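One file, work.csv, carrying CSV, C-alpha atoms:
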chain,number,residue,atom,x,y,z
A,8,MET,CA,4.6,4.8,-3.6
A,9,THR,CA,3.0,8.1,-4.6
A,10,LEU,CA,1.7,10.7,-2.1
A,11,ARG,CA,-1.9,9.8,-3.1
A,12,GLU,CA,-1.3,6.1,-2.5
A,13,LEU,CA,0.2,6.9,0.9
A,14,VAL,CA,-2.8,9.1,1.9
A,15,VAL,CA,-5.3,6.3,0.8
A,16,ALA,CA,-3.4,3.7,2.8
A,17,TYR,CA,-3.2,6.0,5.8
A,18,PHE,CA,-6.9,6.6,6.1
A,19,GLN,CA,-7.6,2.9,5.8
A,20,TYR,CA,-5.9,2.1,9.1
A,21,PRO,CA,-8.4,1.3,11.9
A,22,ALA,CA,-6.3,3.3,14.4
A,23,ILE,CA,-6.5,6.5,12.3
A,24,ILE,CA,-10.2,6.0,11.9
A,25,ALA,CA,-10.6,5.6,15.6
A,26,TYR,CA,-8.6,8.8,16.4
A,27,LEU,CA,-10.7,10.8,13.9
A,28,VAL,CA,-14.0,9.4,15.2
A,29,LEU,CA,-13.0,10.2,18.8
A,30,SER,CA,-11.9,13.6,17.7
A,31,ALA,CA,-15.3,14.3,16.3
A,32,VAL,CA,-16.9,13.0,19.5
A,33,SER,CA,-14.7,15.3,21.6
A,34,ILE,CA,-15.6,18.3,19.4
A,35,GLY,CA,-19.2,17.3,19.9
A,36,VAL,CA,-18.7,17.4,23.7
A,37,PHE,CA,-17.2,20.8,23.3
A,38,ALA,CA,-20.2,22.0,21.3
A,39,TRP,CA,-22.4,20.7,24.1
A,40,ARG,CA,-20.4,22.2,27.0
A,41,PRO,CA,-18.2,24.9,25.4
A,42,ALA,CA,-15.6,26.7,27.4
A,43,PRO,CA,-14.9,30.4,27.0
A,44,LEU,CA,-12.6,31.5,24.1
A,45,VAL,CA,-9.5,32.2,26.2
A,46,PRO,CA,-9.6,28.9,28.2
A,47,THR,CA,-10.3,27.0,25.0
A,48,LEU,CA,-7.3,28.5,23.2
A,49,ALA,CA,-5.2,27.9,26.3
A,50,ALA,CA,-6.2,24.2,26.4
A,51,ILE,CA,-5.5,23.8,22.7
A,52,LEU,CA,-2.1,25.5,23.0
A,53,PHE,CA,-1.2,23.4,26.1
A,54,ALA,CA,-2.1,20.2,24.3
A,55,ALA,CA,-0.1,21.1,21.2
A,56,ILE,CA,3.0,22.1,23.2
A,57,VAL,CA,3.0,19.2,25.7
A,58,TYR,CA,2.5,16.5,23.1
A,59,PRO,CA,6.1,16.5,21.7
A,60,LEU,CA,7.5,16.4,25.3
A,61,ALA,CA,5.1,13.6,26.3
A,62,TRP,CA,6.1,11.6,23.2
A,63,TYR,CA,9.8,12.1,23.9
A,64,VAL,CA,9.5,11.0,27.5
A,65,LEU,CA,7.4,7.9,26.6
A,66,HIS,CA,9.5,7.0,23.7
A,67,ARG,CA,12.8,7.3,25.5
A,68,PHE,CA,11.9,6.1,29.0
A,69,VAL,CA,9.0,3.6,28.4
A,70,LEU,CA,9.3,2.2,24.9
A,71,HIS,CA,13.1,2.0,25.1
A,72,SER,CA,13.1,0.9,28.7
A,73,LYS,CA,14.7,-2.2,30.0
A,74,TRP,CA,12.1,-2.9,32.7
A,75,MET,CA,9.0,-3.9,30.8
A,76,TRP,CA,10.4,-7.1,29.4
A,77,LYS,CA,11.1,-8.3,32.9
A,78,SER,CA,7.4,-8.5,33.7
A,79,LYS,CA,5.4,-11.4,32.4
A,80,VAL,CA,2.4,-9.0,32.5
A,81,LEU,CA,4.0,-6.1,30.7
A,82,ALA,CA,6.3,-8.0,28.3
A,83,PRO,CA,3.5,-8.7,25.7
A,84,THR,CA,2.6,-5.0,25.6
A,85,TRP,CA,6.2,-3.9,25.1
A,86,LYS,CA,6.7,-6.5,22.4
A,87,ARG,CA,3.6,-5.3,20.5
A,88,ILE,CA,4.1,-1.6,20.8
A,89,HIS,CA,7.8,-1.2,20.2
A,90,TYR,CA,10.0,-4.3,20.1
A,91,ASP,CA,8.2,-5.7,17.0
A,92,HIS,CA,8.5,-2.2,15.4
A,93,HIS,CA,12.3,-2.2,15.8
A,94,GLN,CA,12.6,-5.9,14.9
A,95,ASP,CA,11.2,-5.0,11.5
A,96,PRO,CA,10.6,-1.2,10.9
A,97,ASN,CA,8.9,-1.9,7.6
A,98,HIS,CA,6.4,-4.3,9.1
A,99,LEU,CA,3.2,-2.2,8.6
A,100,GLU,CA,0.9,-4.2,10.9
A,101,VAL,CA,2.8,-2.8,13.9
A,102,LEU,CA,3.5,0.7,12.5
A,103,PHE,CA,0.8,2.3,14.6
A,104,GLY,CA,0.6,1.9,18.4
A,105,ALA,CA,-2.1,-0.4,19.9
A,106,LEU,CA,-5.2,1.6,20.8
A,107,HIS,CA,-5.4,0.2,24.3
A,108,THR,CA,-2.1,1.9,25.0
A,109,THR,CA,-2.3,5.1,22.9
A,110,LEU,CA,-5.8,6.3,23.8
A,111,PRO,CA,-5.3,6.3,27.6
A,112,THR,CA,-1.9,8.0,27.2
A,113,ILE,CA,-3.4,10.8,25.0
A,114,ALA,CA,-6.2,11.3,27.4
A,115,ILE,CA,-4.0,11.4,30.5
A,116,ALA,CA,-1.6,13.8,28.8
A,117,THR,CA,-4.2,16.3,27.7
A,118,ALA,CA,-7.7,16.1,29.3
A,119,PRO,CA,-6.9,16.7,33.0
A,120,ILE,CA,-5.0,20.0,32.4
A,121,GLY,CA,-7.6,20.9,29.8
A,122,TYR,CA,-10.3,20.4,32.5
A,123,ALA,CA,-8.4,22.5,35.0
A,124,ILE,CA,-8.2,25.3,32.4
A,125,GLY,CA,-11.7,25.2,31.0
A,126,GLY,CA,-13.8,22.5,32.6
A,127,ILE,CA,-15.5,19.9,30.4
A,128,GLY,CA,-15.2,22.1,27.3
A,129,GLY,CA,-11.5,22.7,28.0
A,130,ALA,CA,-10.9,18.9,28.5
A,131,ALA,CA,-12.7,18.2,25.2
A,132,ALA,CA,-10.7,20.8,23.3
A,133,ALA,CA,-7.4,19.5,24.7
A,134,LEU,CA,-8.3,15.9,24.0
A,135,ALA,CA,-9.4,16.6,20.4
A,136,THR,CA,-6.1,18.5,19.9
A,137,GLY,CA,-4.2,15.5,21.3
A,138,LEU,CA,-6.0,13.1,19.0
A,139,LEU,CA,-5.6,15.2,15.9
A,140,THR,CA,-1.9,15.8,16.7
A,141,THR,CA,-1.6,12.0,17.0
A,142,CYS,CA,-3.1,11.7,13.5
A,143,PHE,CA,-0.5,14.2,12.2
A,144,TYR,CA,2.3,12.3,14.0
A,145,GLU,CA,1.2,9.0,12.6
A,146,PHE,CA,1.0,10.5,9.1
A,147,CYS,CA,4.6,11.6,9.4
A,148,HIS,CA,5.4,8.2,10.8
A,149,CYS,CA,3.9,6.7,7.6
A,150,ILE,CA,6.1,8.9,5.5
A,151,GLN,CA,9.1,7.7,7.5
A,152,HIS,CA,8.4,4.0,7.1
A,153,LEU,CA,6.5,3.5,3.8
A,154,ALA,CA,8.2,3.4,0.4
A,155,TYR,CA,7.6,7.1,-0.2
A,156,LYS,CA,10.4,9.6,-0.9
A,157,PRO,CA,9.3,13.0,0.3
A,158,LYS,CA,10.1,16.0,-1.9
A,159,ASN,CA,9.8,18.5,1.0
A,160,ALA,CA,13.2,19.2,2.6
A,161,TRP,CA,11.8,19.2,6.1
A,162,LEU,CA,10.0,15.9,5.6
A,163,ALA,CA,13.1,14.3,4.0
A,164,THR,CA,15.3,15.4,6.9
A,165,MET,CA,12.8,14.2,9.4
A,166,LYS,CA,12.6,10.8,7.7
A,167,ALA,CA,16.4,10.5,7.5
A,168,LYS,CA,16.7,11.1,11.3
A,169,HIS,CA,14.0,8.6,12.1
A,170,MET,CA,15.5,6.0,9.9
A,171,ALA,CA,18.8,6.6,11.7
A,172,HIS,CA,17.0,5.8,14.9
A,173,HIS,CA,15.8,2.5,13.5
A,174,PHE,CA,18.8,1.4,11.5
A,175,HIS,CA,21.8,3.0,13.1
A,176,ASP,CA,21.5,4.0,16.8
A,177,GLU,CA,18.3,3.7,18.7
A,178,THR,CA,19.6,5.7,21.7
A,179,GLY,CA,19.0,9.0,19.9
A,180,ASN,CA,16.5,10.9,17.7
A,181,PHE,CA,13.4,9.9,19.7
A,182,GLY,CA,11.3,12.7,18.2
A,183,ILE,CA,8.9,12.1,15.3
A,184,THR,CA,8.2,15.6,13.9
A,185,SER,CA,10.3,17.7,16.3
A,186,TYR,CA,13.8,17.1,17.6
A,187,PHE,CA,13.7,20.0,20.0
A,188,TRP,CA,13.7,17.8,23.1
A,189,ASP,CA,16.4,15.6,21.6
A,190,LYS,CA,18.6,18.6,21.2
A,191,LEU,CA,17.8,19.9,24.7
A,192,PHE,CA,18.5,16.6,26.4
A,193,GLY,CA,21.5,15.6,24.2
A,194,THR,CA,20.0,12.7,22.3
A,195,HIS,CA,20.0,14.3,18.9
A,196,TYR,CA,22.3,13.5,16.0
A,197,ASN,CA,22.2,14.8,12.5
A,198,ARG,CA,24.2,12.2,10.6
A,199,VAL,CA,25.0,8.5,11.2
A,200,SER,CA,28.7,9.4,11.0
A,201,GLU,CA,28.3,11.2,14.4
A,202,ARG,CA,27.7,7.9,16.2
A,203,LYS,CA,28.9,4.3,16.2
A,204,LYS,CA,26.5,1.7,14.9
A,205,SER,CA,24.5,0.3,17.8
A,206,PRO,CA,24.6,-3.5,18.1
A,207,THR,CA,21.1,-3.4,19.7
A,208,VAL,CA,19.4,-1.2,17.1
A,209,PHE,CA,17.0,-4.0,16.1
A,210,ASN,CA,16.4,-5.7,19.4
A,211,LEU,CA,16.6,-2.8,21.9
A,212,GLY,CA,18.9,-4.6,24.2
A,213,TYR,CA,16.8,-7.8,24.4
A,214,THR,CA,19.6,-10.2,23.7
A,215,PRO,CA,19.8,-14.0,24.0
A,216,ASP,CA,21.6,-13.5,27.4
A,217,VAL,CA,18.7,-11.3,28.6
A,218,ALA,CA,16.2,-13.8,27.4
A,219,LYS,CA,17.7,-16.5,29.6
A,220,ASP,CA,16.5,-14.5,32.7
A,221,TYR,CA,13.5,-12.9,31.2
A,222,PRO,CA,12.1,-15.3,28.5
A,223,TYR,CA,8.7,-13.8,28.0
A,224,VAL,CA,9.3,-11.7,24.9
A,225,GLY,CA,11.4,-14.4,23.3
A,226,ASP,CA,8.8,-17.0,23.9
A,227,LEU,CA,6.2,-14.8,22.3
A,228,SER,CA,8.5,-14.0,19.4
A,229,GLY,CA,9.7,-17.5,18.6
A,230,GLY,CA,13.3,-16.7,19.8
A,231,VAL,CA,15.5,-13.7,19.8
A,232,LYS,CA,16.6,-12.2,16.5
A,233,MET,CA,19.7,-10.0,16.3
A,234,SER,CA,20.3,-9.5,12.6
A,235,HIS,CA,19.2,-6.9,10.1
A,236,PRO,CA,15.5,-7.5,9.2
A,237,ALA,CA,16.4,-7.6,5.5
A,238,THR,CA,18.3,-10.9,6.2
A,239,ARG,CA,15.3,-12.5,7.9
A,240,ILE,CA,12.1,-14.0,6.5
A,241,ARG,CA,9.0,-12.7,8.2
A,242,ASP,CA,6.8,-15.5,9.6

Could you take the file, read its structure, and then write that structure out as structure tokens?
Amino acid sequence: MTLRELVVAYFQYPAIIAYLVLSAVSIGVFAWRPAPLVPTLAAILFAAIVYPLAWYVLHRFVLHSKWMWKSKVLAPTWKRIHYDHHQDPNHLEVLFGALHTTLPTIAIATAPIGYAIGGIGGAAAALATGLLTTCFYEFCHCIQHLAYKPKNAWLATMKAKHMAHHFHDETGNFGITSYFWDKLFGTHYNRVSERKKSPTVFNLGYTPDVAKDYPYVGDLSGGVKMSHPATRIRD
């Protein structure tokens, strides 16, 4: 895949189109009720800084949690937003998060503080920043999962670390574009040689034994698959 092909594919995804449309709406709200310059810049800076931390927390403690599959109500959401992604990291239909989970998360992480800083205009600026940052994150996520070999050293390193998260040890490298919080909290690793291969890298700990007590994800998935996705045939 060339960079041009990747960009074309990226902008065809409904989730990306939704983020861009909502970003334009947020910018429109800001134009209607603008905040002063300093609060606007503060709201934008806050949203840009808090996003990597919010993603790290959600990725580590929610998406890689062991409590969502125990609930019949939450199990389908967990299956869709992350279990399926680890079951087959190259399955592009689940590459992007579901909008009904991502949009509220982005809004909650950015808009309230933006409002406290600059009112409606500050909230709109922070929300637009969160949405556009999400677009950037998802573009990098595409680079990491699509058949594209980045020439840029930073992108290549970032892709290698994310692929290690998916194919070697899922208990580390939770970041997408930044591994600052991984380094701070001790979940970062540079090379696969630094860690043992995780037996749950493709199923996130949802094993046949777990499924006996909490069958909801297994029922929705047609069973529990433990092996490398390359050895399975996708239904």

**Q.** Within 12 Å of Ser234 in chain A using all atoms listed in the file, minus same-chain residues under 6 positions, as a PyMOL selection string
**A.** chain A and resi 93-95+174+205-210+214+240

Q: Identify which of the residues A:Ile51, A:Ala154, A:Leu106, A:Met75 lies closest to Ile34 in chain A, counting all atoms listed in the file when measuring atom-to-atom distances.
A: A:Ile51

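The residue that comes closest to Tyr58 in chain A, out of A:Ala160, A:Met170, A:Leu211, A:Ile183 and on the basis of only C-alpha atoms, is A:Ile183.
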
**Q.** Spatial neighbours of range 87-92 of chain A, max dist 8 Å, only C-alpha atoms, sep filter under 5 positions, as an MDAnalysis selection string
**A.** chainID A and resid 70:71 97:98 101:102 104:105 210:211

Q: May I ask which of the residues A:Tyr122, A:Phe143, A:Tyr186, A:Tyr213 is the closest one to Leu27 in chain A, counting all atoms listed in the file?
A: A:Phe143

**Q.** Point-to-point distance in Å for CA of Gly225 in chain A and CA of Ser78 in chain A
**A.**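 So the two atoms, CA of Ser78 in chain A and CA of Gly225 in chain A, lie 12.6 Å apart.
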
Q) So, counting all atoms listed in the file, which residue among A:His235, A:Thr136, A:Cys149, A:Val224 is closest to Val15 in chain A? A)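 Once distances to Val15 in chain A are computed over all atoms listed in the file, the minimum belongs to A:Cys149.
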
Q: Pick out the closest residue to Gly137 in chain A from this set: A:Thr164, A:Trp74, A:Ala16, A:Leu29. Count all atoms listed in the file.
A: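 Residue with the minimum atom-to-atom distance to Gly137 in chain A: A:Leu29.
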
Mind dumping a table of every range 52-104 of chain A residue within 12 Å of range 38-48 of chain A, with the nearest atom pair and its distance in Å to one decimal, using only C-alpha atoms, sorted by chain and rising number, as JSON lines?
{"residue": "A:Leu52", "atom": "CA", "partner": "A:Leu48", "partner_atom": "CA", "distance": 6.0}
{"residue": "A:Phe53", "atom": "CA", "partner": "A:Leu48", "partner_atom": "CA", "distance": 8.5}
{"residue": "A:Ala54", "atom": "CA", "partner": "A:Leu48", "partner_atom": "CA", "distance": 9.9}
{"residue": "A:Ala55", "atom": "CA", "partner": "A:Leu48", "partner_atom": "CA", "distance": 10.5}

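One finds CA of Ala61 in chain A at 16.7 Å from CA of Gly193 in chain A.
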
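Each of A:Phe37, A:Tyr63, A:Trp85, A:Tyr26 was checked against Leu138 in chain A using only C-alpha atoms; the smallest atom-to-atom distance is that of A:Tyr26.
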
**Q.** For CA of His107 in chain A and CA of Lys232 in chain A, the interatomic separation in Å (one decimal)
**A.** 26.4 Å

Q) Got a sec: who's within 12 Å of Pro119 in chain A, counting only C-alpha atoms, leaving out chain neighbours fewer than 3 positions off, as a list in words? A)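 Using only C-alpha atoms, the neighbours found are Ala50, Phe53, Ala54, Pro111, Thr112, Ile113, Ala114, Ile115, Ala116, Tyr122, Ala123, Ile124, Gly125, Gly126, Ile127, Gly128, Gly129, Ala130, Ala131, Ala132, Ala133 and Leu134 of chain A.
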
File dump, residues just selected, C-alpha atoms, as an mmCIF file, in the frame of the given file:
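What follows is the written file out_9.cif:
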data_model
loop_
_atom_site.group_PDB
_atom_site.id
_atom_site.type_symbol
_atom_site.label_atom_id
_atom_site.label_comp_id
_atom_site.auth_asym_id
_atom_site.auth_seq_id
_atom_site.Cartn_x
_atom_site.Cartn_y
_atom_site.Cartn_z
ATOM 1 C CA ALA A 50 -6.200 24.200 26.400
ATOM 2 C CA PHE A 53 -1.200 23.400 26.100
ATOM 3 C CA ALA A 54 -2.100 20.200 24.300
ATOM 4 C CA PRO A 111 -5.300 6.300 27.600
ATOM 5 C CA THR A 112 -1.900 8.000 27.200
ATOM 6 C CA ILE A 113 -3.400 10.800 25.000
ATOM 7 C CA ALA A 114 -6.200 11.300 27.400
ATOM 8 C CA ILE A 115 -4.000 11.400 30.500
ATOM 9 C CA ALA A 116 -1.600 13.800 28.800
ATOM 10 C CA TYR A 122 -10.300 20.400 32.500
ATOM 11 C CA ALA A 123 -8.400 22.500 35.000
ATOM 12 C CA ILE A 124 -8.200 25.300 32.400
ATOM 13 C CA GLY A 125 -11.700 25.200 31.000
ATOM 14 C CA GLY A 126 -13.800 22.500 32.600
ATOM 15 C CA ILE A 127 -15.500 19.900 30.400
ATOM 16 C CA GLY A 128 -15.200 22.100 27.300
ATOM 17 C CA GLY A 129 -11.500 22.700 28.000
ATOM 18 C CA ALA A 130 -10.900 18.900 28.500
ATOM 19 C CA ALA A 131 -12.700 18.200 25.200
ATOM 20 C CA ALA A 132 -10.700 20.800 23.300
ATOM 21 C CA ALA A 133 -7.400 19.500 24.700
ATOM 22 C CA LEU A 134 -8.300 15.900 24.000
#

Q. Using all atoms listed in the file, which residues sit within 9 Å of Cys147 in chain A once same-chain residues fewer than 6 positions away are excluded, as a list of chain:residue names?
A.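 Final neighbour list, sorted by chain and number: A:Leu162, A:Met165, A:Lys166, A:Ile183, A:Thr184.
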
Q) Which neighbours of Leu227 in chain A fall inside 9 Å, counting only C-alpha atoms, when residues of the same chain fewer than 4 positions from it are skipped, and could you give them as a VMD selection string? A) chain A and resid 83 86 222 to 223

Is it possible to dump range 47-59 of chain A as a PDB file, in the first residue's frame, including just N, CA and C atoms?
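So selection-v6.pdb came out as:
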ATOM      1  N   THR A  47      -9.274  30.638  24.913  1.00  0.00           N
ATOM      2  CA  THR A  47      -9.351  29.734  23.758  1.00  0.00           C
ATOM      3  C   THR A  47      -8.075  28.913  23.630  1.00  0.00           C
ATOM      4  N   LEU A  48      -6.941  29.589  23.694  1.00  0.00           N
ATOM      5  CA  LEU A  48      -5.657  28.887  23.599  1.00  0.00           C
ATOM      6  C   LEU A  48      -5.471  27.922  24.761  1.00  0.00           C
ATOM      7  N   ALA A  49      -5.923  28.330  25.952  1.00  0.00           N
ATOM      8  CA  ALA A  49      -5.812  27.465  27.126  1.00  0.00           C
ATOM      9  C   ALA A  49      -6.666  26.208  26.955  1.00  0.00           C
ATOM     10  N   ALA A  50      -7.875  26.371  26.413  1.00  0.00           N
ATOM     11  CA  ALA A  50      -8.772  25.226  26.198  1.00  0.00           C
ATOM     12  C   ALA A  50      -8.185  24.270  25.167  1.00  0.00           C
ATOM     13  N   ILE A  51      -7.624  24.833  24.093  1.00  0.00           N
ATOM     14  CA  ILE A  51      -7.008  24.002  23.052  1.00  0.00           C
ATOM     15  C   ILE A  51      -5.804  23.257  23.611  1.00  0.00           C
ATOM     16  N   LEU A  52      -4.968  23.968  24.369  1.00  0.00           N
ATOM     17  CA  LEU A  52      -3.770  23.348  24.953  1.00  0.00           C
ATOM     18  C   LEU A  52      -4.148  22.248  25.928  1.00  0.00           C
ATOM     19  N   PHE A  53      -5.165  22.507  26.758  1.00  0.00           N
ATOM     20  CA  PHE A  53      -5.628  21.497  27.704  1.00  0.00           C
ATOM     21  C   PHE A  53      -6.068  20.234  26.980  1.00  0.00           C
ATOM     22  N   ALA A  54      -6.892  20.408  25.936  1.00  0.00           N
ATOM     23  CA  ALA A  54      -7.412  19.252  25.210  1.00  0.00           C
ATOM     24  C   ALA A  54      -6.283  18.454  24.560  1.00  0.00           C
ATOM     25  N   ALA A  55      -5.300  19.159  24.014  1.00  0.00           N
ATOM     26  CA  ALA A  55      -4.186  18.483  23.346  1.00  0.00           C
ATOM     27  C   ALA A  55      -3.312  17.725  24.333  1.00  0.00           C
ATOM     28  N   ILE A  56      -3.169  18.268  25.551  1.00  0.00           N
ATOM     29  CA  ILE A  56      -2.315  17.631  26.554  1.00  0.00           C
ATOM     30  C   ILE A  56      -3.030  16.475  27.240  1.00  0.00           C
ATOM     31  N   VAL A  57      -4.324  16.660  27.538  1.00  0.00           N
ATOM     32  CA  VAL A  57      -5.045  15.638  28.296  1.00  0.00           C
ATOM     33  C   VAL A  57      -5.366  14.413  27.448  1.00  0.00           C
ATOM     34  N   TYR A  58      -5.407  14.576  26.126  1.00  0.00           N
ATOM     35  CA  TYR A  58      -5.836  13.479  25.272  1.00  0.00           C
ATOM     36  C   TYR A  58      -4.962  12.227  25.420  1.00  0.00           C
ATOM     37  N   PRO A  59      -3.624  12.350  25.338  1.00  0.00           N
ATOM     38  CA  PRO A  59      -2.806  11.131  25.483  1.00  0.00           C
ATOM     39  C   PRO A  59      -3.004  10.433  26.824  1.00  0.00           C
TER      40      PRO A  59
END
